[in-house]
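Engineer: Supplied structure: protein24.pdb, PDB, C-alpha atoms.
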```
ATOM      1  CA  MET E   1       0.000   0.000   0.000  1.00  0.00           C
ATOM      2  CA  GLU E   2       2.932   2.300   0.526  1.00  0.00           C
ATOM      3  CA  ASP E   3       3.672   2.038  -3.127  1.00  0.00           C
ATOM      4  CA  GLU E   4       0.145   3.173  -3.936  1.00  0.00           C
ATOM      5  CA  SER E   5       0.448   6.327  -1.812  1.00  0.00           C
ATOM      6  CA  LYS E   6       3.767   7.142  -3.503  1.00  0.00           C
ATOM      7  CA  ASN E   7       2.182   6.676  -6.908  1.00  0.00           C
ATOM      8  CA  ILE E   8      -0.799   8.908  -6.075  1.00  0.00           C
ATOM      9  CA  GLY E   9       1.475  11.996  -6.051  1.00  0.00           C
ATOM     10  CA  ASP E  10       2.548  11.222  -9.595  1.00  0.00           C
ATOM     11  CA  LYS E  11      -0.968  10.909 -11.039  1.00  0.00           C
ATOM     12  CA  PRO E  12      -2.280  13.561 -13.460  1.00  0.00           C
ATOM     13  CA  GLY E  13      -5.229  14.336 -11.134  1.00  0.00           C
ATOM     14  CA  ASN E  14      -2.862  15.749  -8.522  1.00  0.00           C
ATOM     15  CA  GLU E  15      -1.284  18.024 -11.104  1.00  0.00           C
ATOM     16  CA  ILE E  16      -4.705  19.601 -11.779  1.00  0.00           C
ATOM     17  CA  SER E  17      -5.294  19.971  -8.058  1.00  0.00           C
ATOM     18  CA  ASP E  18      -1.937  21.717  -7.662  1.00  0.00           C
ATOM     19  CA  LYS E  19      -2.740  24.093 -10.539  1.00  0.00           C
ATOM     20  CA  ALA E  20      -6.141  24.870  -8.998  1.00  0.00           C
ATOM     21  CA  GLU E  21      -4.497  25.654  -5.664  1.00  0.00           C
ATOM     22  CA  GLU E  22      -1.936  27.841  -7.375  1.00  0.00           C
ATOM     23  CA  LEU E  23      -4.707  29.654  -9.248  1.00  0.00           C
ATOM     24  CA  ILE E  24      -6.682  30.158  -6.011  1.00  0.00           C
ATOM     25  CA  GLU E  25      -3.601  31.626  -4.308  1.00  0.00           C
ATOM     26  CA  LYS E  26      -2.998  33.985  -7.216  1.00  0.00           C
ATOM     27  CA  SER E  27      -6.658  35.023  -7.099  1.00  0.00           C
ATOM     28  CA  LYS E  28      -6.350  35.772  -3.387  1.00  0.00           C
ATOM     29  CA  ASP E  29      -3.228  37.876  -4.025  1.00  0.00           C
ATOM     30  CA  PHE E  30      -5.013  39.705  -6.841  1.00  0.00           C
ATOM     31  CA  ALA E  31      -8.061  40.368  -4.610  1.00  0.00           C
ATOM     32  CA  ASP E  32      -5.777  41.703  -1.841  1.00  0.00           C
ATOM     33  CA  LYS E  33      -4.008  44.030  -4.300  1.00  0.00           C
ATOM     34  CA  ALA E  34      -7.353  45.204  -5.697  1.00  0.00           C
ATOM     35  CA  GLU E  35      -8.617  45.887  -2.178  1.00  0.00           C
ATOM     36  CA  ASP E  36      -5.467  47.874  -1.356  1.00  0.00           C
ATOM     37  CA  LEU E  37      -5.772  49.865  -4.585  1.00  0.00           C
ATOM     38  CA  PHE E  38      -9.452  50.534  -3.899  1.00  0.00           C
ATOM     39  CA  ALA E  39      -8.713  51.696  -0.337  1.00  0.00           C
ATOM     40  CA  GLU E  40      -5.898  53.942  -1.584  1.00  0.00           C
ATOM     41  CA  THR E  41      -8.124  55.443  -4.281  1.00  0.00           C
ATOM     42  CA  ILE E  42     -10.915  56.113  -1.775  1.00  0.00           C
ATOM     43  CA  SER E  43      -8.417  57.710   0.596  1.00  0.00           C
ATOM     44  CA  LYS E  44      -7.099  59.995  -2.158  1.00  0.00           C
ATOM     45  CA  ALA E  45     -10.609  60.923  -3.285  1.00  0.00           C
ATOM     46  CA  MET E  46     -11.743  61.736   0.240  1.00  0.00           C
ATOM     47  CA  SER E  47      -8.772  64.023   0.792  1.00  0.00           C
ATOM     48  CA  SER E  48      -9.290  65.895  -2.495  1.00  0.00           C
ATOM     49  CA  ASP E  49     -10.635  69.476  -2.600  1.00  0.00           C
ATOM     50  CA  THR E  50     -13.607  68.416  -4.689  1.00  0.00           C
ATOM     51  CA  PHE E  51     -14.694  65.835  -2.147  1.00  0.00           C
ATOM     52  CA  VAL E  52     -14.377  68.392   0.648  1.00  0.00           C
ATOM     53  CA  LYS E  53     -16.429  70.925  -1.328  1.00  0.00           C
ATOM     54  CA  VAL E  54     -19.110  68.367  -2.195  1.00  0.00           C
ATOM     55  CA  SER E  55     -19.253  67.210   1.414  1.00  0.00           C
ATOM     56  CA  ASN E  56     -19.660  70.800   2.604  1.00  0.00           C
ATOM     57  CA  PHE E  57     -22.374  71.395   0.006  1.00  0.00           C
ATOM     58  CA  PHE E  58     -24.304  68.321   1.102  1.00  0.00           C
ATOM     59  CA  GLY E  59     -23.883  69.418   4.707  1.00  0.00           C
ATOM     60  CA  LYS E  60     -25.409  72.803   3.871  1.00  0.00           C
ATOM     61  CA  VAL E  61     -28.265  71.155   1.969  1.00  0.00           C
ATOM     62  CA  GLU E  62     -28.925  68.879   4.926  1.00  0.00           C
ATOM     63  CA  ASP E  63     -28.941  71.850   7.317  1.00  0.00           C
ATOM     64  CA  PHE E  64     -31.325  73.785   5.039  1.00  0.00           C
ATOM     65  CA  ILE E  65     -33.734  70.860   4.765  1.00  0.00           C
ATOM     66  CA  GLU E  66     -33.664  70.300   8.517  1.00  0.00           C
ATOM     67  CA  GLU E  67     -34.335  74.005   9.117  1.00  0.00           C
ATOM     68  CA  LYS E  68     -37.309  74.029   6.730  1.00  0.00           C
ATOM     69  CA  ALA E  69     -38.673  70.804   8.228  1.00  0.00           C
ATOM     70  CA  THR E  70     -38.425  72.357  11.685  1.00  0.00           C
ATOM     71  CA  GLU E  71     -40.188  75.504  10.462  1.00  0.00           C
ATOM     72  CA  PHE E  72     -42.916  73.421   8.895  1.00  0.00           C
ATOM     73  CA  GLN E  73     -43.424  71.308  12.002  1.00  0.00           C
ATOM     74  CA  SER E  74     -43.348  74.281  14.368  1.00  0.00           C
ATOM     75  CA  GLY E  75     -45.998  76.183  12.445  1.00  0.00           C
ATOM     76  CA  GLU E  76     -43.715  78.924  11.117  1.00  0.00           C
ATOM     77  CA  MET E  77     -44.273  77.695   7.579  1.00  0.00           C
ATOM     78  CA  SER E  78     -48.026  77.783   8.095  1.00  0.00           C
ATOM     79  CA  ALA E  79     -47.767  81.404   9.190  1.00  0.00           C
ATOM     80  CA  LYS E  80     -45.740  82.219   6.085  1.00  0.00           C
ATOM     81  CA  PHE E  81     -48.341  80.514   3.882  1.00  0.00           C
ATOM     82  CA  ASP E  82     -51.132  82.449   5.610  1.00  0.00           C
ATOM     83  CA  ALA E  83     -49.298  85.766   5.123  1.00  0.00           C
ATOM     84  CA  PHE E  84     -48.699  84.932   1.466  1.00  0.00           C
ATOM     85  CA  ARG E  85     -52.372  83.981   1.010  1.00  0.00           C
ATOM     86  CA  GLU E  86     -53.541  87.231   2.607  1.00  0.00           C
ATOM     87  CA  LYS E  87     -51.201  89.312   0.454  1.00  0.00           C
ATOM     88  CA  THR E  88     -52.390  87.490  -2.662  1.00  0.00           C
ATOM     89  CA  GLU E  89     -56.039  88.022  -1.704  1.00  0.00           C
ATOM     90  CA  ASP E  90     -55.406  91.755  -1.184  1.00  0.00           C
ATOM     91  CA  GLN E  91     -53.729  92.032  -4.574  1.00  0.00           C
ATOM     92  CA  ALA E  92     -56.537  90.067  -6.243  1.00  0.00           C
ATOM     93  CA  ASN E  93     -59.192  92.283  -4.599  1.00  0.00           C
ATOM     94  CA  GLU E  94     -57.372  95.440  -5.739  1.00  0.00           C
ATOM     95  CA  LEU E  95     -57.135  94.070  -9.271  1.00  0.00           C
ATOM     96  CA  LEU E  96     -60.834  93.167  -9.291  1.00  0.00           C
ATOM     97  CA  LYS E  97     -61.700  96.685  -8.114  1.00  0.00           C
ATOM     98  CA  LYS E  98     -59.664  98.205 -10.954  1.00  0.00           C
ATOM     99  CA  VAL E  99     -61.290  95.856 -13.484  1.00  0.00           C
ATOM    100  CA  LYS E 100     -64.739  96.759 -12.153  1.00  0.00           C
ATOM    101  CA  ASP E 101     -63.994 100.500 -12.383  1.00  0.00           C
ATOM    102  CA  ALA E 102     -62.657 100.124 -15.924  1.00  0.00           C
ATOM    103  CA  GLY E 103     -65.745  98.078 -16.864  1.00  0.00           C
ATOM    104  CA  LEU E 104     -68.062 100.788 -15.510  1.00  0.00           C
ATOM    105  CA  LYS E 105     -66.199 103.492 -17.453  1.00  0.00           C
ATOM    106  CA  ILE E 106     -66.362 101.446 -20.631  1.00  0.00           C
ATOM    107  CA  GLY E 107     -70.057 100.786 -20.033  1.00  0.00           C
ATOM    108  CA  ASP E 108     -70.710 104.511 -19.550  1.00  0.00           C
ATOM    109  CA  GLN E 109     -68.911 105.319 -22.784  1.00  0.00           C
ATOM    110  CA  VAL E 110     -70.838 102.627 -24.649  1.00  0.00           C
ATOM    111  CA  ASP E 111     -74.130 104.048 -23.275  1.00  0.00           C
ATOM    112  CA  GLU E 112     -73.117 107.539 -24.384  1.00  0.00           C
ATOM    113  CA  SER E 113     -72.140 106.269 -27.825  1.00  0.00           C
ATOM    114  CA  LEU E 114     -75.467 104.461 -28.172  1.00  0.00           C
ATOM    115  CA  ASP E 115     -77.346 107.597 -27.121  1.00  0.00           C
ATOM    116  CA  VAL E 116     -75.429 109.615 -29.736  1.00  0.00           C
ATOM    117  CA  ILE E 117     -76.199 107.004 -32.391  1.00  0.00           C
ATOM    118  CA  LYS E 118     -79.883 107.029 -31.446  1.00  0.00           C
ATOM    119  CA  GLY E 119     -79.818 110.826 -31.587  1.00  0.00           C
ATOM    120  CA  LYS E 120     -80.740 111.372 -27.954  1.00  0.00           C
ATOM    121  CA  LYS E 121     -77.575 113.208 -27.062  1.00  0.00           C
ATOM    122  CA  GLU E 122     -75.017 115.417 -28.758  1.00  0.00           C
ATOM    123  CA  GLN E 123     -71.635 113.876 -29.362  1.00  0.00           C
ATOM    124  CA  THR E 124     -68.873 115.026 -27.026  1.00  0.00           C
ATOM    125  CA  ASN E 125     -65.389 115.443 -28.340  1.00  0.00           C
ATOM    126  CA  ASN E 126     -63.704 114.423 -25.104  1.00  0.00           C
ATOM    127  CA  GLN E 127     -62.072 117.789 -24.543  1.00  0.00           C
ATOM    128  CA  GLY E 128     -62.788 117.714 -20.819  1.00  0.00           C
ATOM    129  CA  GLY E 129     -60.237 114.946 -20.362  1.00  0.00           C
ATOM    130  CA  GLU E 130     -62.860 112.307 -19.720  1.00  0.00           C
ATOM    131  CA  GLY E 131     -62.583 108.746 -20.878  1.00  0.00           C
ATOM    132  CA  ILE E 132     -60.289 105.917 -20.242  1.00  0.00           C
TER     133      ILE E 132
END
```
Could you show the structure in this file as structure tokens?
Structural biologist:
Amino acid sequence: MEDESKNIGDKPGNEISDKAEELIEKSKDFADKAEDLFAETISKAMSSDTFVKVSNFFGKVEDFIEEKATEFQSGEMSAKFDAFREKTEDQANELLKKVKDAGLKIGDQVDESLDVIKGKKEQTNNQGGEGI
């Protein structure tokens, strides 16, 4: 049986096994080198000016969002919306008043023009500064 164990090392199957082990070891070395390269690249990127600027920007965005969320939850945002709504209503009311006044003036002029056409009234030449 000793002869059989000596002969097993010389069989072609063991040669394949040795190659597989060698390939696995090389793969492990390659993975370790890739991991080191990746870690080095990340370290360089994190220490770059661009990364610092982007990090600061995201920090500012985060702070802004947190501030607005706090305002919204505390009711400050609701007060701002109410003030905006009131201002918009005031502007809309003022605009409607102006439109109504312009409509009345136009209506008066149309009535006068109809009266002139019907012959009920003499035509004015607008020298008094009246009109729109």
Engineer: Excluding Lys68 in chain E and residues on its chain fewer than 6 positions from it, collect all residues at most 12 Å away from it, counting all atoms listed in the file, and give them as a short mmCIF file (atom, residue, chain, number, x, y, z; two decimals) with C-alpha atoms, in the coordinates of the input.
Structural biologist:
```
data_model
loop_
_atom_site.label_atom_id
_atom_site.label_comp_id
_atom_site.auth_asym_id
_atom_site.auth_seq_id
_atom_site.Cartn_x
_atom_site.Cartn_y
_atom_site.Cartn_z
CA VAL E 61 -28.26 71.16 1.97
CA GLU E 62 -28.92 68.88 4.93
CA SER E 74 -43.35 74.28 14.37
CA GLY E 75 -46.00 76.18 12.44
CA GLU E 76 -43.72 78.92 11.12
CA MET E 77 -44.27 77.69 7.58
CA SER E 78 -48.03 77.78 8.10
CA LYS E 80 -45.74 82.22 6.08
#
```
Engineer: In Å, how far is it from CA of Asp115 in chain E to CA of Lys97 in chain E?
Structural biologist: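 Atom-to-atom, CA of Asp115 in chain E to CA of Lys97 in chain E, that is 26.9 Å.
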Engineer: If you measure from CA of Lys53 in chain E to CA of Phe72 in chain E, what distance in Å do you get, rounded to one decimal?
Structural biologist: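 About the pair CA of Lys53 in chain E and CA of Phe72 in chain E: they are 28.5 Å apart.
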Engineer: Using CA of Glu35 in chain E and CA of Thr50 in chain E as the two end points, give the distance in Å to one decimal.
Structural biologist: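 Going from CA of Glu35 in chain E over to CA of Thr50 in chain E, I get 23.2 Å.
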